[in-house]
Amino acid sequence: MIFNCKCLKPSFSNKKYSYWEKRKTTSDEKDIINKISNDKDLINKNILHIGVGNSELVQKLDSSNNIFGITISNNEIDYGNSLKLKNYKIFFCDKYSLNFEKTFKNHKFDLIIDTNLKSYSCCQNAFDYMMEKLFNLLNYEGKIITSINGMKWFKSLKPKLSFNFKSFFYYKMKEVSGNPNNILNESELKKICSIYGIKILFDENLCYLIK
Ligand SMILES: C[S@@+](CC[C@H](N)C(=O)[O-])C[C@H]1O[C@@H](n2cnc3c(N)ncnc32)[C@H](O)[C@@H]1O
């Protein structure tokens with residue numbers, strides 16, 4: 001995977017790493033689900049979900065929507081595919097990598113959902129790159145929904161060989177402390193949105209970035 005920075009990062013693409021496929025949806029994403037699952041306008045839309053986790057979110061949306069998901073865990077992809085949901089495709093794709101632009105080069109979205117925009121970023125370059133690509137992927141009046149709480153924490157992921165009696169040896173992504181600069185404050189968000197002419201709206205626990 002190629003990045004526009006020189007940070008050293010583990011690659012998770014070569015094996016089936018387990019991460020969030022069997023874990024509960026985060027409360028940050030629950031806030032998003034509560035909002036969008038009652039949205040009558042979310043019919044026949046193109047939607048991108050970044051960080052699919054256990055794929056609960058997509059199951060709360062109307063099946064007329066065309067939904068793409070990305071993750072850096074192959075086990076999350078296998079789990080999502082095993083649900084056999086209509087109009088749902090999941091890709092292995094690191095949102096901070098150059099591959100992100102390539103994967104969606106022929107796509108535009110009405111809605112992009114990313115509960116943690118910056119939490120896993122290796123550096124500022126990688127984050128700025130991703131934000132530019134995210135805004136490019138939006139249709140006119142399209143929006144990104146993110147969680148305000150999701151801006152307040154950061155993590156890094158490391159490969160780990162683990163053991164349990166059900167799976168014996170298996171690979172998992174271990175959470176370790178990340179980059180404290182990945183706390184995303186309002187002024188940084190406002191600055192980046194002003195560069196790209198994006199409107200920001202804060203509502204309860206959520207933040208909307210609107211093209
Ligand atoms: C803590 S889990 C949360 C899962 C789900 N979004 C939720 O809130 O319940 C983080 C998710 O982000 C994904 N993720 C982490 N870093 C990523 C990256 N650089 N590119 C794409 N997805 C990433 C993980 O694979 C996982 O699906």
# chains A, B, ... in the order shown; residues from 1 in each chain; ligands from 1

call {"tool": "closest_atom_pairs", "arguments": {"of": "region 69-165 of chain A", "to": "region 26-44 of chain A", "cutoff": "9 Å", "atoms": "only C-alpha atoms", "output": "JSON lines"}}
result
{"residue": "A:Leu111", "atom": "CA", "partner": "A:Leu42", "partner_atom": "CA", "distance": 8.9}
{"residue": "A:Ile113", "atom": "CA", "partner": "A:Ile32", "partner_atom": "CA", "distance": 8.3}
{"residue": "A:Asp114", "atom": "CA", "partner": "A:Glu29", "partner_atom": "CA", "distance": 8.6}
{"residue": "A:Thr115", "atom": "CA", "partner": "A:Glu29", "partner_atom": "CA", "distance": 5.9}
{"residue": "A:Asn116", "atom": "CA", "partner": "A:Asp28", "partner_atom": "CA", "distance": 8.7}
{"residue": "A:Ile145", "atom": "CA", "partner": "A:Ile32", "partner_atom": "CA", "distance": 7.5}
{"residue": "A:Thr146", "atom": "CA", "partner": "A:Ile32", "partner_atom": "CA", "distance": 7.5}
{"residue": "A:Ser147", "atom": "CA", "partner": "A:Asp28", "partner_atom": "CA", "distance": 5.8}
{"residue": "A:Ile148", "atom": "CA", "partner": "A:Asp28", "partner_atom": "CA", "distance": 8.0}
{"residue": "A:Asn149", "atom": "CA", "partner": "A:Asp28", "partner_atom": "CA", "distance": 6.4}
{"residue": "A:Gly150", "atom": "CA", "partner": "A:Asp28", "partner_atom": "CA", "distance": 6.3}

call {"tool": "residues_near_ligand", "arguments": {"ligand": "ligand 1", "cutoff": "6 Å", "atoms": "only C-alpha atoms and all ligand atoms", "output": "count of residues only"}}
result
18

call {"tool": "closest_residue", "arguments": {"among": "A:Lys102, A:Lys45, A:Lys160, A:Lys9", "to": "Lys143 (chain A)", "atoms": "only C-alpha atoms"}}
result
A:Lys45

call {"tool": "select_by_dssp", "arguments": {"residues": "chain A", "states": "helix (DSSP H, G or I)", "output": "PyMOL selection string"}}
result
chain A and resi 27-36+56-59+74-82+98-103+124-137+149-151+180-182+186-196

call {"tool": "closest_residue", "arguments": {"among": "A:Tyr208, A:Tyr196, A:Trp153, A:Phe3", "to": "Glu101 (chain A)", "atoms": "only C-alpha atoms"}}
result
A:Phe3

call {"tool": "closest_residue", "arguments": {"among": "A:His49, A:Lys60, A:Lys15, A:Lys190", "to": "Lys89 (chain A)", "atoms": "only C-alpha atoms"}}
result
A:His49

call {"tool": "atom_distance", "arguments": {"atom1": "CA of Phe135 (chain A)", "atom2": "CA of Leu189 (chain A)"}}
result
12.7 Å

call {"tool": "atom_distance", "arguments": {"atom1": "CA of Val58 (chain A)", "atom2": "CA of Gly197 (chain A)"}}
result
28.8 Å

call {"tool": "residues_around", "arguments": {"residues": "Asn75 (chain A)", "least_positions_apart": "6", "cutoff": "6 Å", "atoms": "only C-alpha atoms", "output": "PyMOL selection string"}}
result
chain A and resi 16-18
